[in-house]
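A short write-up of the structure that comes next.
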There are 4 protein chains.
Amino acid sequence: MSAVSRRARLGVVGLGRMGAVHAANLAHACPSAELAVCYDADAATAAALGARHGIAVAGSVEELLGAHELDGVVIATPTGTHAPLALQAADARLAVFVEKPISLERAATLQVVERFEAVGLALQVGFNRRFDDTVADVARRVRAGELGAPYLLRISQRDMSPPRPEFLAGSGGIFLDMGIHDFDLARFLVGDVVRVAAVGTAVSDPAFAEIGDFDTALATLEFANGALGVVDLSRVAGYGYESSAELVGEKATVRLEMPPALLAEWRRAGEATRPLLPTYDRRYGPAFAAELDAFARAILDSVPPPVTGRDALAAFDIAAAATSACALGHPVAVGAPT
Amino acid sequence: MSAVSRRARLGVVGLGRMGAVHAANLAHACPSAELAVCYDADAATAAALGARHGIAVAGSVEELLGAHELDGVVIATPTGTHAPLALQAADARLAVFVEKPISLERAATLQVVERFEAVGLALQVGFNRRFDDTVADVARRVRAGELGAPYLLRISQRDMSPPRPEFLAGSGGIFLDMGIHDFDLARFLVGDVVRVAAVGTAVSDPAFAEIGDFDTALATLEFANGALGVVDLSRVAGYGYESSAELVGEKATVRLEMPPALLAEWRRAGEATRPLLPTYDRRYGPAFAAELDAFARAILDSVPPPVTGRDALAAFDIAAAATSACALGHPVAVGAPT
Amino acid sequence: MSAVSRRARLGVVGLGRMGAVHAANLAHACPSAELAVCYDADAATAAALGARHGIAVAGSVEELLGAHELDGVVIATPTGTHAPLALQAADARLAVFVEKPISLERAATLQVVERFEAVGLALQVGFNRRFDDTVADVARRVRAGELGAPYLLRISQRDMSPPRPEFLAGSGGIFLDMGIHDFDLARFLVGDVVRVAAVGTAVSDPAFAEIGDFDTALATLEFANGALGVVDLSRVAGYGYESSAELVGEKATVRLEMPPALLAEWRRAGEATRPLLPTYDRRYGPAFAAELDAFARAILDSVPPPVTGRDALAAFDIAAAATSACALGHPVAVGAPT
Amino acid sequence: MSAVSRRARLGVVGLGRMGAVHAANLAHACPSAELAVCYDADAATAAALGARHGIAVAGSVEELLGAHELDGVVIATPTGTHAPLALQAADARLAVFVEKPISLERAATLQVVERFEAVGLALQVGFNRRFDDTVADVARRVRAGELGAPYLLRISQRDMSPPRPEFLAGSGGIFLDMGIHDFDLARFLVGDVVRVAAVGTAVSDPAFAEIGDFDTALATLEFANGALGVVDLSRVAGYGYESSAELVGEKATVRLEMPPALLAEWRRAGEATRPLLPTYDRRYGPAFAAELDAFARAILDSVPPPVTGRDALAAFDIAAAATSACALGHPVAVGAPT
């Protein structure tokens with residue numbers, strides 16, 4: 001962290017909720033990165049963020065990509081623009097960190113992945129959980145053999161309340177929008193998935209069904225190594241945010257749990273109460289900084305990023321298989337044409 | 001519990017592990033029941049148990065059923081003999097408590113259920129979990145509306161090590177032998193199941209595959225009310241016995257957890273360790289006594305038992321659908337001809 | 001548990017709350033004991049209990065002690081009668097299990113202890129916690145050296161609401177009535193106590209102060225081996241019953257915790273709630289049966305009981321020292337004349 | 001957090017472990033503060049830190065205090081220099097944040113407190129726990145009446161291993177060095193303490209006794225409102241760092257607990273293991289940033305800091321009373337001449 005170390009110069013495109021988080025992390029919490037410039041389609045948003053962090057504000061994406069001697073760019077715009085912006089950045093010979101998913105279309109996803117491979121630039125996707133202390137430690141110990149052969153993986157991801165209808169309509173569906181994080185986690189902890197079955201329901205509100213989506217869903221996974229997995233997803237678990245998992249293995253079983261919201265328990269006549277976390281940011285906050293610092297380090301060290309475009313494609317394929325399996329009513333092989 | 005209250009006079013047929021538990025409970029832990037007589041194909045086993053509890057030992061099933069002025073009989077023999085013995089008891093006009101499953105065949109199960117309905121005798125099946133304090137309290141609160149509409153049910157049942165191969169071969173498979181308890185719990189907490197998908201694996205030992213069974217399996221449930229459910233089953237979860245569940249609902253979510261094996265936690269440099277329960281008896285011990293006492297009370301009060309033959313048939317049908325779905329590779333409607 | 005084993009024939013004197021518990025345990029839950037006869041000053045109470053368990057009802061203490069071929073007697077009468085009844089039983093050459101404390105007076109306590117030593121009869125005092133699974137396991141592991149040298153013991157005992165005023169007035173005070181269990185536990189886990197300081201308060205209700213007692217109190221213990229201890233006591237901890245402890249040692253630290261009242265946790269928007277135990281019987285129920293069975297076995301095997309009169313005297317001395325220290329405002333040596 | 005807001009310009013004197021933490025927090029984690037300059041007696045240490053944060057490095061305390069247009073200074077030097085440096089800063093008309101304790105002497109502590117009161121400058125002491133999310137939330141709810149009258153406070157503070165002997169010898173003893181945090185917490189949650197008793201032991205190593213100190217100690221507190229408290233302290237609790245508390249009150253009881261070190265539990269045959277935190281920085285890290293930000297805001301808003309010199313004096317007096325009580329062998333009134 002010495003002042004003479006070189007830092008990767010990065011710009012941020014798209015300054016909504018996640019973009020603002022990424023910018024703040026680059027400014028303060030990533031020793032290997034330097035926040036150099038930002039851009040948002042809304043000029044006032046960009047100006048405010050630029051002022052807050054004392055950095056340049058680009059007048060256009062082109063300017064941001066071309067005129068600031070950047071090493072890479074963080075793309076946190078709406079999903080539909082991820083792929084074209086990533087390709088534009090590749091043309092400008094910049095490494096890219098892009099929020100998940102790269103695209104709602106496999107072809108576009110693949111095009112981006114192959115372009116970065118062709119030009120030899122780093123492409124990292126926002127699977128932040130891999131950078132969470134607990135997840136990273138568990139993965140390391142699983143790889144070290146402490147669990148033995150994996151038998152059964154169980155993951156729960158739940159939100160307290162659903163996104164706005166206009167977001168939902170273009171989200172790609174519950175498996176692609178929410179589940180993709182869990183499918184990446186499944187690959188990270190257990191390995192390749194070969195077949196997926198899925199079922200969904202719109203039990204809280206018919207509005208989900210009207211747009212062909214679900215508020216609650218299950219995907220069951222068959223791994224190449226013979227293990228099984230199940231991911232449960234809910235957009236309407238009113239008690240709080242949930243991101244927990246359990247991996248049963250030959251020699252041990254490990255549970256990944258939610259942290260307490262505060263470290264106090266209140267006891268009244270006959271019952272004890274403790275607070276629950278409402279949102280993912282309290283659970284995964286430090287992981288957002290860590291993933292960007294890892295991206296910056298990969299650029300500085302000229303090594304592949306720890307989560308590659310191929311990882312994004314693989315998680316996309318599982319999510320797409322789940323979506324198909326749910327529509328078709330039978331299991332679907334991962335990577336099969338849909 | 002006053003001495004002048006009448007108690008239901010019961011006999012026990014089959015004095016293996018569960019039969020001995022039932023006999024001891026009838027002798028000491030069921031205020032509404034009186035253990036009157038026992039029988040086992042192994043005369044020495046029966047003699048020892050009779051002596052222990054100071055009760056009569058029948059020389060044959062016929063004698064037990066006919067010559068002891070019984071109100072009912074507890075059948076805890078191997079599964080294949082459940083149905084014929086139950087029918088024999090019905091002929092003797094005795095109420096029957098029978099261990100699950102009634103039979104590995106639907107036709108035989110249905111025959112027993114219909115016979116008891118026809119003659120108006122109590123038929124209770126050993127779904128002991130319904131009598132567990134926690135399960136009963138949760139079910140009561142769910143019925144009282146505290147959870148609102150149910151959205152998602154998740155159940156785990158796992159054993160540390162599998163039964164002997166000779167038992168496994170005739171067990172009916174993991175869904176019928178193990179899962180039937182969870183399928184009954186699913187009905188008890190959420191309601192009727194209309195469709196089931198399932199997947200299984202033999203990941204610890206090919207011996208499971210050789211007999212067409214699995215060591216690890218998942219069944220996903222679609223309930224009539226629109227909720228979803230998933231049951232994970234393992235015969236090889238070496239860390240301990242697991243029987244836990246979570247029901248996510250509209251207004252609340254409830255988790256049913258395992259108790260600690262002992263109430264002590266040991267802390268050493270950097271880690272805290274607590275003991276886990278190895279077996280189901282430590283988790284469900286009191287429920288075994290409670291289910292028999294409830295059976296005895298149903299006899300005394302001439303009311304239907306709290307778990308009926310129809311409940312047994314319904315859980316059987318879910319288990320059978322899971323078994324079929326797993327073999328066929330696609331979801332199966334519950335109650336469809338198999 | 002074979003039928004031919006001899007069981008110790010026991011009678012119960014005093015059929016209040018604890019006496020009824022002891023009688024039921026002797027009747028059903030103590031393989032080494034046989035409940036033969038009971039007596040209570042209230043004839044109707046005795047008759048009802050005798051009928052419930054199908055046992056003889058004595059018309060007087062003298063008849064109970066003399067006319068039933070007993071091996072021993074369980075004394076669960078009000079504290080003031082413990083010592084005279086124990087001495088009467090010694091005259092009748094019967095082993096005695098007596099509820100704590102033997103007496104509120106040291107001289108009377110010592111007289112009873114010495115009489116049983118002189119005649120060589122078993123005298124066991126109701127320190128039931130030593131027979132709790134968790135406490136027994138912890139003590140065994142501490143003795144086996146897993147903790148290394150003990151450094152610091154912390155014990156909490158709290159009731160939800162105080163006993164009736166008329167009981168309190170004759171209870172001997174919070175240290176003798178409540179704390180004596182914790183002082184025995186301290187000796188059981190760590191060893192002899194040499195000096196005690198104490199402080200008490202009547203913070204919830206001046207009625208405690210008016211009878212010279214406290215609703216909340218602390219006793220600090222200095223052990224002969226150099227360790228320290230603290231016991232906190234409350235009669236007004238409205239959230240539930242508490243009996244927990246922690247022993248910090250050289251190589252490990254162990255915590256003894258309360259069990260959950262039920263195994264379910266309910267989650268609502270932002271908070272999780274679980275039920276707490278209201279009373280000690282749910283925590284220590286099985287230990288009440290175990291202590292009586294151990295008493296019966298000691299009689300049958302002609303060995304000293306696992307908790308002796310000397311243990312009762314030692315715990316009494318710590319409680320008396322705490323009471324004195326609290327009144328005097330400075331630490332008091334254990335066993336010093338008061 | 002807008003760029004045009006004024007930030008308090010602060011310097012840091014003393015760049016050891018805590019000084020470096022404070023500097024890093026001022027540089028990155030305190031929106032209301034600006035790190036302007038640093039100084040350490042070791043020039044190389046100061047130069048490295050200055051370079052890391054891109055700030056000025058003062059050649060002397062005098063230069064730091066006089067030549068950088070500071071609003072205030074953070075003093076994180078060895079304890080013996082706290083008071084003279086604070087007085088020097090007061091002469092320079094700078095607000096002061098000083099690590100606890102201000103001094104090992106009451107007179108010097110009082111002199112500093114009175115000087116800052118006289119000149120009307122902010123003086124804040126490093127009782128960081130008050131700025132911890134959980135502690136702050138509990139204190140707020142206690143003040144709002146959720147607990148009702150406080151009855152009993154229990155606090156544990158334990159370190160895995162003791163500081164170096166040379167530090168210990170000049171630390172002021174376990175009550176002043178460690179306990180002062182807990183005594184401040186006691187005042188923060190319950191109120192003024194009027195009398196203290198204490199006992200200590202050197203059970204792990206006679207070296208503690210040789211310097212007149214203890215490795216394990218207990219202090220019992222009598223509060224002005226009638227409540228009782230106990231603080232247990234250990235320098236040798238090898239399992240990990242502990243900072244936990246429990247406050248039993250009229251209407252509720254609240255427990256403050258340690259966080260898990262990681263959110264994973266590993267299960268192996270018959271036991272579950274989870275990691276424990278080794279040090280206080282993982283528990284109280286964010287509170288260190290929050291206390292400095294609060295200090296900066298107090299300067300900017302010209303209001304008294306949230307923890308004043310009088311708070312420091314009050315906690316000192318409790319610690320001094322505990323130290324005396326322990327030496328004298330009887331309780332000591334707080335604030336009495338020693």
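By convention here, the chains of the structure tokens are called A, B, ... in the order presented, each chain's residues are numbered starting at 1, and ligands are numbered starting at 1 in the order presented.
For segment 190-192 of chain D, the residues within 10 Å (counting only C-alpha atoms, excluding itself and residues fewer than 2 positions away along the chain) are D:Ala139, D:Val142, D:Arg143, D:Ala149, D:Pro150, D:Tyr151, D:Leu152, D:Leu153, D:Phe183, D:Asp184, D:Leu185, D:Ala186, D:Arg187, D:Phe188, D:Val194, D:Arg195, D:Leu221, D:Glu222, D:Phe223, D:Ala224, D:Asn225, D:Ala227, D:Leu228, D:Gly229, D:Leu247, D:Ala314, D:Ala315, D:Ile318, D:Val334.
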Quick one: residues within 12 Å of segment 37-41 of chain B, only C-alpha atoms, excluding same-chain residues fewer than 6 positions away - as a compact mmCIF listing (two decimals) with N, CA and C atoms, in the first residue's frame?
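The resulting out.txt:
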```txt
# COMPACT_ATOMS: atom_id res chain seq x y z
N ARG B 9 -56.03 -50.84 26.75
CA ARG B 9 -55.16 -52.03 26.87
C ARG B 9 -54.56 -52.35 25.50
N LEU B 10 -53.24 -52.35 25.47
CA LEU B 10 -52.58 -52.52 24.17
C LEU B 10 -51.56 -53.64 24.22
N GLY B 11 -51.40 -54.30 23.09
CA GLY B 11 -50.33 -55.27 22.92
C GLY B 11 -49.36 -54.79 21.86
N VAL B 12 -48.16 -55.32 21.91
CA VAL B 12 -47.14 -54.95 20.92
C VAL B 12 -46.69 -56.20 20.18
N VAL B 13 -46.75 -56.15 18.86
CA VAL B 13 -46.26 -57.25 18.02
C VAL B 13 -45.00 -56.78 17.30
N GLY B 14 -43.92 -57.49 17.50
CA GLY B 14 -42.65 -57.10 16.88
C GLY B 14 -41.84 -56.30 17.88
N LEU B 15 -40.76 -56.91 18.39
CA LEU B 15 -40.02 -56.28 19.49
C LEU B 15 -38.59 -55.97 19.09
N GLY B 16 -38.42 -55.52 17.85
CA GLY B 16 -37.11 -55.01 17.43
C GLY B 16 -36.88 -53.66 18.08
N ARG B 17 -36.07 -52.85 17.43
CA ARG B 17 -35.70 -51.57 18.03
C ARG B 17 -36.92 -50.71 18.30
N GLY B 19 -40.14 -51.58 18.26
CA GLY B 19 -41.11 -52.27 19.09
C GLY B 19 -40.74 -52.16 20.57
N ALA B 20 -39.45 -52.29 20.86
CA ALA B 20 -39.01 -52.18 22.26
C ALA B 20 -39.24 -50.77 22.78
N HIS B 22 -41.58 -48.70 21.71
CA HIS B 22 -43.02 -48.55 21.91
C HIS B 22 -43.47 -49.25 23.20
N ALA B 23 -42.95 -50.42 23.44
CA ALA B 23 -43.34 -51.16 24.65
C ALA B 23 -42.94 -50.38 25.91
N ALA B 24 -41.72 -49.88 25.92
CA ALA B 24 -41.27 -49.13 27.09
C ALA B 24 -42.12 -47.88 27.29
N LEU B 26 -45.27 -47.46 26.34
CA LEU B 26 -46.59 -47.87 26.82
C LEU B 26 -46.52 -48.21 28.31
N ALA B 27 -45.40 -48.82 28.72
CA ALA B 27 -45.28 -49.23 30.12
C ALA B 27 -45.12 -48.04 31.06
N ALA B 47 -39.77 -62.97 25.75
CA ALA B 47 -39.73 -63.33 27.17
C ALA B 47 -38.98 -62.27 27.97
N ALA B 48 -37.87 -61.81 27.44
CA ALA B 48 -37.07 -60.80 28.15
C ALA B 48 -37.87 -59.52 28.31
N LEU B 49 -38.54 -59.11 27.26
CA LEU B 49 -39.29 -57.86 27.34
C LEU B 49 -40.49 -57.99 28.26
N GLY B 50 -41.14 -59.15 28.20
CA GLY B 50 -42.27 -59.38 29.10
C GLY B 50 -41.83 -59.31 30.55
N ALA B 51 -40.70 -59.93 30.82
CA ALA B 51 -40.20 -59.92 32.19
C ALA B 51 -39.84 -58.50 32.63
N ARG B 52 -39.20 -57.77 31.73
CA ARG B 52 -38.78 -56.42 32.09
C ARG B 52 -39.96 -55.56 32.51
N HIS B 53 -41.08 -55.72 31.78
CA HIS B 53 -42.21 -54.85 32.08
C HIS B 53 -43.29 -55.55 32.91
N GLY B 54 -43.03 -56.80 33.26
CA GLY B 54 -44.00 -57.51 34.09
C GLY B 54 -45.32 -57.73 33.38
N ILE B 55 -45.26 -58.09 32.10
CA ILE B 55 -46.50 -58.28 31.34
C ILE B 55 -46.53 -59.67 30.72
N ALA B 56 -47.72 -60.04 30.21
CA ALA B 56 -47.90 -61.33 29.57
C ALA B 56 -47.12 -61.39 28.26
N VAL B 57 -46.73 -62.59 27.90
CA VAL B 57 -46.05 -62.83 26.62
C VAL B 57 -46.92 -63.81 25.83
N ALA B 58 -47.34 -63.37 24.66
CA ALA B 58 -48.20 -64.23 23.85
C ALA B 58 -47.36 -65.26 23.11
N GLY B 59 -47.95 -66.44 22.91
CA GLY B 59 -47.25 -67.49 22.19
C GLY B 59 -47.43 -67.38 20.69
N SER B 60 -48.38 -66.57 20.28
CA SER B 60 -48.61 -66.40 18.84
C SER B 60 -49.34 -65.08 18.63
N VAL B 61 -49.31 -64.61 17.37
CA VAL B 61 -50.06 -63.41 17.06
C VAL B 61 -51.54 -63.63 17.35
N GLU B 62 -52.03 -64.80 17.00
CA GLU B 62 -53.44 -65.10 17.20
C GLU B 62 -53.81 -64.98 18.68
N GLU B 63 -52.95 -65.55 19.50
CA GLU B 63 -53.23 -65.48 20.93
C GLU B 63 -53.23 -64.03 21.41
N LEU B 64 -52.22 -63.28 20.96
CA LEU B 64 -52.15 -61.87 21.37
C LEU B 64 -53.41 -61.13 20.98
N LEU B 65 -53.85 -61.36 19.75
CA LEU B 65 -55.01 -60.60 19.26
C LEU B 65 -56.30 -61.04 19.95
N GLY B 66 -56.36 -62.33 20.35
CA GLY B 66 -57.65 -62.84 20.76
C GLY B 66 -57.86 -63.04 22.24
N ALA B 67 -56.79 -63.21 22.97
CA ALA B 67 -56.97 -63.73 24.32
C ALA B 67 -56.58 -62.75 25.42
N HIS B 68 -56.50 -61.46 25.13
CA HIS B 68 -56.01 -60.53 26.17
C HIS B 68 -56.89 -59.31 26.36
N GLU B 69 -58.12 -59.40 25.85
CA GLU B 69 -59.07 -58.29 26.04
C GLU B 69 -58.45 -56.95 25.68
N LEU B 70 -57.76 -56.93 24.57
CA LEU B 70 -57.08 -55.71 24.13
C LEU B 70 -58.05 -54.73 23.50
N ASP B 71 -57.65 -53.46 23.57
CA ASP B 71 -58.34 -52.42 22.80
C ASP B 71 -57.65 -52.20 21.45
N GLY B 72 -56.37 -52.47 21.45
CA GLY B 72 -55.65 -52.21 20.20
C GLY B 72 -54.29 -52.86 20.23
N VAL B 73 -53.63 -52.82 19.08
CA VAL B 73 -52.33 -53.47 18.96
C VAL B 73 -51.37 -52.54 18.21
N VAL B 74 -50.14 -52.60 18.66
CA VAL B 74 -49.07 -51.83 18.02
C VAL B 74 -48.25 -52.78 17.17
N ILE B 75 -48.17 -52.51 15.88
CA ILE B 75 -47.47 -53.40 14.96
C ILE B 75 -46.12 -52.77 14.57
N ALA B 76 -45.06 -53.44 15.01
CA ALA B 76 -43.72 -52.92 14.77
C ALA B 76 -42.82 -54.00 14.18
N THR B 77 -43.41 -54.83 13.35
CA THR B 77 -42.69 -55.91 12.68
C THR B 77 -42.04 -55.39 11.40
N PRO B 78 -41.29 -56.23 10.69
CA PRO B 78 -40.77 -55.78 9.39
C PRO B 78 -41.91 -55.34 8.45
N THR B 81 -44.82 -57.40 6.70
CA THR B 81 -45.89 -58.05 7.47
C THR B 81 -46.90 -57.04 8.02
```
Just need the residues of chain C within 6 Å of chain A, counting only C-alpha atoms, so spit them out as a PDB file with N, CA and C atoms, in the first residue's frame.
```pdb
ATOM      1  N   GLY C 238     -37.424 -11.235  34.528  1.00  0.00           N
ATOM      2  CA  GLY C 238     -38.713 -11.548  33.925  1.00  0.00           C
ATOM      3  C   GLY C 238     -38.674 -12.254  32.591  1.00  0.00           C
ATOM      4  N   TYR C 239     -37.518 -12.390  31.974  1.00  0.00           N
ATOM      5  CA  TYR C 239     -37.479 -12.993  30.635  1.00  0.00           C
ATOM      6  C   TYR C 239     -37.577 -14.506  30.661  1.00  0.00           C
ATOM      7  N   GLY C 240     -37.215 -15.123  31.796  1.00  0.00           N
ATOM      8  CA  GLY C 240     -37.250 -16.579  31.835  1.00  0.00           C
ATOM      9  C   GLY C 240     -36.321 -17.108  32.900  1.00  0.00           C
ATOM     10  N   ARG C 267     -39.397 -15.768  12.173  1.00  0.00           N
ATOM     11  CA  ARG C 267     -38.792 -14.564  11.611  1.00  0.00           C
ATOM     12  C   ARG C 267     -39.872 -13.681  11.015  1.00  0.00           C
ATOM     13  N   ARG C 268     -39.840 -12.442  11.407  1.00  0.00           N
ATOM     14  CA  ARG C 268     -40.719 -11.430  10.824  1.00  0.00           C
ATOM     15  C   ARG C 268     -39.855 -10.273  10.374  1.00  0.00           C
ATOM     16  N   ALA C 269     -40.482  -9.293   9.718  1.00  0.00           N
ATOM     17  CA  ALA C 269     -39.712  -8.196   9.120  1.00  0.00           C
ATOM     18  C   ALA C 269     -38.608  -7.709  10.055  1.00  0.00           C
ATOM     19  N   GLY C 270     -37.396  -8.107   9.757  1.00  0.00           N
ATOM     20  CA  GLY C 270     -36.256  -7.561  10.474  1.00  0.00           C
ATOM     21  C   GLY C 270     -35.930  -8.184  11.803  1.00  0.00           C
ATOM     22  N   GLU C 271     -36.695  -9.198  12.240  1.00  0.00           N
ATOM     23  CA  GLU C 271     -36.288  -9.811  13.499  1.00  0.00           C
ATOM     24  C   GLU C 271     -36.672 -11.275  13.612  1.00  0.00           C
ATOM     25  N   ALA C 272     -35.851 -11.994  14.363  1.00  0.00           N
ATOM     26  CA  ALA C 272     -36.058 -13.423  14.600  1.00  0.00           C
ATOM     27  C   ALA C 272     -36.340 -13.624  16.083  1.00  0.00           C
ATOM     28  N   THR C 273     -37.322 -14.464  16.372  1.00  0.00           N
ATOM     29  CA  THR C 273     -37.722 -14.680  17.762  1.00  0.00           C
ATOM     30  C   THR C 273     -37.724 -16.162  18.089  1.00  0.00           C
ATOM     31  N   ARG C 274     -37.184 -16.490  19.249  1.00  0.00           N
ATOM     32  CA  ARG C 274     -37.252 -17.884  19.699  1.00  0.00           C
ATOM     33  C   ARG C 274     -37.712 -17.919  21.158  1.00  0.00           C
ATOM     34  N   PRO C 275     -38.369 -18.999  21.547  1.00  0.00           N
ATOM     35  CA  PRO C 275     -38.945 -19.041  22.891  1.00  0.00           C
ATOM     36  C   PRO C 275     -37.916 -19.406  23.956  1.00  0.00           C
ATOM     37  N   LEU C 276     -38.123 -18.880  25.161  1.00  0.00           N
ATOM     38  CA  LEU C 276     -37.236 -19.131  26.296  1.00  0.00           C
ATOM     39  C   LEU C 276     -37.941 -19.988  27.347  1.00  0.00           C
TER      40      LEU C 276
END
```
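If you look at atom CA of Glu166 of chain B and atom CA of Leu233 of chain B, they are 19.8 Å away from each other.
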Env of Phe214 of chain A: 7 Å cut, atoms = only C-alpha atoms, seq-sep filter 5 positions within chain, self excluded. Answer as a compact mmCIF listing (two decimals) with N, CA and C atoms, in the first residue's frame.
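Generated output (result_18.txt):
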```txt
# COMPACT_ATOMS: atom_id res chain seq x y z
N ILE A 174 -36.21 -14.69 -12.74
CA ILE A 174 -35.64 -14.93 -11.41
C ILE A 174 -34.37 -15.77 -11.46
N GLY A 200 -41.20 -22.99 -10.75
CA GLY A 200 -41.43 -21.66 -10.19
C GLY A 200 -42.89 -21.44 -9.90
N THR A 201 -43.18 -20.45 -9.08
CA THR A 201 -44.56 -20.14 -8.75
C THR A 201 -44.70 -18.63 -8.55
N ALA A 202 -45.91 -18.14 -8.78
CA ALA A 202 -46.20 -16.74 -8.49
C ALA A 202 -47.26 -16.74 -7.41
N PHE A 208 -46.41 -11.38 -11.13
CA PHE A 208 -45.22 -12.11 -11.56
C PHE A 208 -45.55 -13.03 -12.72
N ALA A 209 -46.67 -13.73 -12.60
CA ALA A 209 -47.06 -14.65 -13.66
C ALA A 209 -47.36 -13.91 -14.94
```
Would you compute the distance between atom CA of Arg7 of chain B and atom CA of Thr308 of chain B? Give it in Å to one decimal.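 Distance reported for this atom pair: 21.0 Å.
The interatomic distance for the pair atom CA of Asp215 of chain B and atom CA of Ala136 of chain B works out to 29.4 Å.
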Need the shell around Leu176 of chain D: protein/DNA/RNA residues with any atom at most 12 Å away, counting only C-alpha atoms. Skip same-chain ones fewer than 3 positions apart. Format as number ranges by chain? D: 79, 100-106, 168, 170-173, 179-184, 213-214, 217, 219, 233, 312-324
Restricted to C-alpha atoms, what would the selected residues look like written as a PDB file, in the first residue's frame?
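again-v4.pdb was written with the following content:
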```pdb
ATOM      1  CA  THR D  79       0.211   6.872  28.151  1.00  0.00           C
ATOM      2  CA  LYS D 100      -7.399   6.215  27.127  1.00  0.00           C
ATOM      3  CA  PRO D 101      -6.330   6.662  29.846  1.00  0.00           C
ATOM      4  CA  ILE D 102      -5.456  10.346  29.965  1.00  0.00           C
ATOM      5  CA  SER D 103      -3.030   9.528  32.731  1.00  0.00           C
ATOM      6  CA  LEU D 104      -2.306   6.913  35.362  1.00  0.00           C
ATOM      7  CA  GLU D 105      -2.600   9.730  37.950  1.00  0.00           C
ATOM      8  CA  ARG D 106      -5.879  11.285  38.991  1.00  0.00           C
ATOM      9  CA  LEU D 168       2.417  -4.464  31.639  1.00  0.00           C
ATOM     10  CA  GLY D 170       3.723   0.502  33.297  1.00  0.00           C
ATOM     11  CA  SER D 171       0.140  -0.198  32.339  1.00  0.00           C
ATOM     12  CA  GLY D 172      -1.485   0.945  35.558  1.00  0.00           C
ATOM     13  CA  GLY D 173      -2.777  -2.538  36.258  1.00  0.00           C
ATOM     14  CA  GLY D 179     -11.243  -2.492  32.831  1.00  0.00           C
ATOM     15  CA  ILE D 180     -11.558   1.208  32.095  1.00  0.00           C
ATOM     16  CA  HIS D 181     -13.401   0.394  28.843  1.00  0.00           C
ATOM     17  CA  ASP D 182     -15.888  -1.718  30.764  1.00  0.00           C
ATOM     18  CA  PHE D 183     -16.318   0.841  33.512  1.00  0.00           C
ATOM     19  CA  ASP D 184     -17.145   3.447  30.885  1.00  0.00           C
ATOM     20  CA  ASP D 213      -0.783  -7.074  38.845  1.00  0.00           C
ATOM     21  CA  PHE D 214      -3.264  -9.831  38.014  1.00  0.00           C
ATOM     22  CA  ALA D 217      -9.809 -10.175  38.059  1.00  0.00           C
ATOM     23  CA  ALA D 219     -14.817  -6.013  39.996  1.00  0.00           C
ATOM     24  CA  LEU D 233     -11.239  -9.465  33.149  1.00  0.00           C
ATOM     25  CA  ALA D 312     -12.763   9.831  31.274  1.00  0.00           C
ATOM     26  CA  LEU D 313     -12.391  11.020  34.859  1.00  0.00           C
ATOM     27  CA  ALA D 314     -15.411   9.042  36.010  1.00  0.00           C
ATOM     28  CA  ALA D 315     -14.164   5.815  34.435  1.00  0.00           C
ATOM     29  CA  PHE D 316     -10.716   6.490  35.883  1.00  0.00           C
ATOM     30  CA  ASP D 317     -12.257   6.845  39.328  1.00  0.00           C
ATOM     31  CA  ILE D 318     -14.021   3.495  39.072  1.00  0.00           C
ATOM     32  CA  ALA D 319     -10.821   1.829  37.900  1.00  0.00           C
ATOM     33  CA  ALA D 320      -8.866   3.466  40.714  1.00  0.00           C
ATOM     34  CA  ALA D 321     -11.472   2.373  43.246  1.00  0.00           C
ATOM     35  CA  ALA D 322     -11.268  -1.193  41.920  1.00  0.00           C
ATOM     36  CA  THR D 323      -7.498  -1.122  42.186  1.00  0.00           C
ATOM     37  CA  SER D 324      -7.702   0.147  45.785  1.00  0.00           C
TER      38      SER D 324
END
```
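The list of residues with at least one atom within 8 Å of Glu291 of chain A, based on only C-alpha atoms and without residues fewer than 5 positions apart in the same chain, reads Gly126, Asn128 and Phe131 of chain A.
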Taking the DSSP secondary structure from the backbone, can you list the residues of segment 187-272 of chain D that are strand (DSSP E), as a PyMOL selection string? chain D and resi 193-201+216-223+228-234+242-249+253-256+264-268+271-272
